[in-house]
$ cat my_file-v9.tsv   # TSV, C-alpha atoms
chain	number	residue	atom	x	y	z
A	1	MET	CA	2.43	6.17	19.91
A	2	ALA	CA	0.88	3.97	17.24
A	3	ARG	CA	2.60	1.76	14.70
A	4	ILE	CA	1.06	2.63	11.31
A	5	VAL	CA	1.57	0.71	8.08
A	6	HIS	CA	0.68	2.15	4.68
A	7	VAL	CA	0.24	-0.48	1.95
A	8	SER	CA	0.08	0.18	-1.78
A	9	ALA	CA	0.63	-2.04	-4.80
A	10	THR	CA	1.75	1.01	-6.73
A	11	ILE	CA	3.45	4.07	-5.37
A	12	ALA	CA	3.22	6.87	-7.88
A	13	CYS	CA	1.64	10.26	-8.51
A	14	GLY	CA	-1.41	10.83	-6.32
A	15	ILE	CA	-0.89	7.81	-4.08
A	16	TYR	CA	2.70	8.88	-3.44
A	17	THR	CA	1.61	12.43	-2.59
A	18	ILE	CA	-1.09	11.24	-0.18
A	19	ILE	CA	1.21	8.75	1.55
A	20	CYS	CA	4.00	11.31	1.98
A	21	THR	CA	1.66	13.99	3.30
A	22	VAL	CA	-0.11	11.70	5.77
A	23	ALA	CA	3.08	9.89	6.86
A	24	LYS	CA	4.88	13.18	7.54
A	25	CYS	CA	2.05	14.30	9.84
A	26	GLN	CA	1.98	10.90	11.55
A	27	ILE	CA	5.73	11.01	12.22
A	28	GLU	CA	5.48	14.57	13.55
A	29	ALA	CA	2.75	13.31	15.91
A	30	GLY	CA	5.18	10.69	17.25
A	31	HIS	CA	3.93	7.60	15.43
A	32	GLU	CA	6.07	4.87	13.91
A	33	VAL	CA	5.36	4.71	10.17
A	34	PHE	CA	6.02	1.99	7.60
A	35	LEU	CA	5.36	1.89	3.87
A	36	VAL	CA	4.89	-1.53	2.29
A	37	GLY	CA	4.86	-1.60	-1.48
A	38	CYS	CA	6.98	-2.06	-4.53
A	39	THR	CA	9.20	-0.07	-6.77
A	40	ARG	CA	8.39	-0.20	-10.47
A	41	PRO	CA	10.39	1.05	-13.43
A	42	ASP	CA	7.25	2.77	-14.76
A	43	ASP	CA	6.55	4.77	-11.58
A	44	ALA	CA	6.00	8.42	-12.43
A	45	VAL	CA	7.92	9.67	-9.40
A	46	SER	CA	11.65	9.47	-10.00
A	47	SER	CA	13.76	8.52	-7.01
A	48	TRP	CA	10.70	8.65	-4.76
A	49	LEU	CA	12.41	6.48	-2.16
A	50	ASP	CA	14.87	9.31	-1.50
A	51	GLU	CA	11.97	11.75	-1.14
A	52	LEU	CA	10.00	9.84	1.51
A	53	PRO	CA	9.63	11.78	4.75
A	54	GLU	CA	12.44	11.08	7.18
A	55	GLY	CA	11.48	8.27	9.52
A	56	VAL	CA	9.28	6.28	7.11
A	57	ARG	CA	10.53	2.70	6.90
A	58	PHE	CA	10.07	1.27	3.43
A	59	ILE	CA	9.57	-2.49	3.02
A	60	GLU	CA	9.75	-3.77	-0.54
A	61	LEU	CA	6.95	-6.22	-1.25
A	62	PRO	CA	6.42	-6.87	-4.94
A	63	MET	CA	2.72	-7.00	-5.78
A	64	GLU	CA	1.18	-7.57	-9.16
A	65	ARG	CA	-0.71	-4.47	-10.24
A	66	GLU	CA	-3.24	-6.37	-12.38
A	67	ILE	CA	-5.57	-9.15	-11.24
A	68	VAL	CA	-3.61	-12.41	-11.47
A	69	PRO	CA	-5.26	-14.90	-9.08
A	70	SER	CA	-2.28	-17.21	-8.63
A	71	ARG	CA	0.03	-14.28	-7.95
A	72	ASP	CA	-2.56	-12.44	-5.82
A	73	TRP	CA	-2.67	-15.34	-3.33
A	74	SER	CA	1.11	-15.32	-2.92
A	75	ASP	CA	1.06	-11.51	-2.58
A	76	LEU	CA	-1.64	-11.81	0.09
A	77	TRP	CA	0.37	-14.30	2.15
A	78	ALA	CA	3.57	-12.28	1.77
A	79	LEU	CA	1.72	-9.18	2.98
A	80	ARG	CA	0.25	-11.09	5.91
A	81	ARG	CA	3.69	-12.33	6.99
A	82	THR	CA	5.03	-8.77	6.74
A	83	LEU	CA	2.15	-7.38	8.82
A	84	GLN	CA	2.63	-10.11	11.43
A	85	ARG	CA	6.30	-9.10	11.77
A	86	ILE	CA	5.48	-5.38	12.10
A	87	GLN	CA	2.49	-5.87	14.45
A	88	PRO	CA	0.77	-2.62	13.44
A	89	ASP	CA	-1.94	-0.78	15.32
A	90	VAL	CA	-3.29	0.73	12.09
A	91	ILE	CA	-3.13	-0.59	8.52
A	92	HIS	CA	-3.82	2.14	5.95
A	93	LEU	CA	-4.53	0.62	2.54
A	94	HIS	CA	-4.05	2.57	-0.70
A	95	SER	CA	-4.65	1.36	-4.29
A	96	SER	CA	-7.28	-1.11	-5.41
A	97	LYS	CA	-5.02	-4.15	-5.12
A	98	ALA	CA	-3.80	-3.25	-1.63
A	99	GLY	CA	-7.38	-2.59	-0.57
A	100	ALA	CA	-8.48	-6.03	-1.71
A	101	ILE	CA	-5.63	-8.21	-0.45
A	102	GLY	CA	-4.88	-6.00	2.56
A	103	ARG	CA	-8.31	-6.50	4.07
A	104	VAL	CA	-7.90	-10.28	3.93
A	105	ALA	CA	-4.24	-10.23	5.00
A	106	SER	CA	-5.11	-8.17	8.09
A	107	LEU	CA	-7.88	-10.47	9.39
A	108	GLY	CA	-7.30	-11.48	12.99
A	109	LEU	CA	-4.28	-9.22	13.54
A	110	GLY	CA	-6.17	-6.83	15.80
A	111	ALA	CA	-5.22	-3.71	13.85
A	112	ARG	CA	-7.64	-1.04	12.71
A	113	VAL	CA	-7.88	-1.17	8.93
A	114	VAL	CA	-8.52	1.91	6.81
A	115	TYR	CA	-9.00	1.85	3.04
A	116	GLN	CA	-8.58	5.15	1.25
A	117	PRO	CA	-9.26	5.11	-2.49
A	118	ASN	CA	-6.96	7.75	-3.92
A	119	ALA	CA	-8.34	7.48	-7.43
A	120	PHE	CA	-11.18	5.56	-8.95
A	121	ALA	CA	-9.79	3.06	-11.44
A	122	PHE	CA	-13.32	2.21	-12.60
A	123	LEU	CA	-13.59	5.73	-14.07
A	124	ARG	CA	-10.57	5.32	-16.35
A	125	LYS	CA	-11.26	5.91	-20.04
A	126	ASP	CA	-7.97	4.52	-21.33
A	127	VAL	CA	-8.91	0.86	-20.67
A	128	SER	CA	-11.76	-1.37	-21.80
A	129	SER	CA	-15.07	-1.46	-19.94
A	130	ALA	CA	-14.42	-5.12	-19.04
A	131	ARG	CA	-11.15	-4.17	-17.38
A	132	ARG	CA	-12.76	-1.26	-15.51
A	133	THR	CA	-15.44	-3.64	-14.22
$ encode --input "my_file-v9.tsv" --output "structure tokens"
Amino acid sequence: MARIVHVSATIACGIYTIICTVAKCQIEAGHEVFLVGCTRPDDAVSSWLDELPEGVRFIELPMEREIVPSRDWSDLWALRRTLQRIQPDVIHLHSSKAGAIGRVASLGLGARVVYQPNAFAFLRKDVSSARRT
């Protein structure tokens, strides 16, 4: 049995669907599954916490969605402390922010790290080209 941690700075729409689908299969296979992320008032999935597969342990860890260097460093260290407490075998990173800070936060912990882009933010048309870059 492996201890698996999913990390996402945002948990909505496609990311939520992927995490629930994968986590459900992981629990059915006998693994211990955690979800580290944050609730946001603008999340598209209403009451998603109540809809997580049974057995997923949610740990609230507020992370800034946008790039904010001073806040990103504190998010990184908070994530690292959380991962050290959980002692995961696998860290599954979702979202651009989680992918960036999660790789650094997981250094030296001995866990396998997987990054799965669930959408490609750089393809968005509703934001400026500078922001996409």
$ closest_residue --input "my_file-v9.tsv" --among "A:Arg71, A:Tyr115, A:Glu28, A:Ala78" --to "A:His92" --atoms "all atoms listed in the file"
A:Tyr115
$ atom_distance --input "my_file-v9.tsv" --atom1 "atom CA of A:Trp77" --atom2 "atom CA of A:Glu60"
14.4 Å
$ closest_residue --input "my_file-v9.tsv" --among "A:Ile4, A:Val104, A:Leu79, A:Ile19" --to "A:Ile91" --atoms "all atoms listed in the file"
A:Ile4
$ closest_residue --input "my_file-v9.tsv" --among "A:Met63, A:Val68, A:Val56, A:Ala2" --to "A:Thr39" --atoms "all atoms listed in the file"
A:Met63
$ atom_distance --input "my_file-v9.tsv" --atom1 "atom CA of A:Ser95" --atom2 "atom CA of A:Val7"
8.1 Å
$ atom_distance --input "my_file-v9.tsv" --atom1 "atom CA of A:Asp50" --atom2 "atom CA of A:Val5"
18.5 Å
$ closest_residue --input "my_file-v9.tsv" --among "A:Gly55, A:Leu49, A:Ile101, A:Gln87" --to "A:Ser74" --atoms "all atoms listed in the file"
A:Ile101
$ closest_residue --input "my_file-v9.tsv" --among "A:Ala9, A:Ile59, A:Ala100, A:Cys25" --to "A:Arg85" --atoms "all atoms listed in the file"
A:Ile59
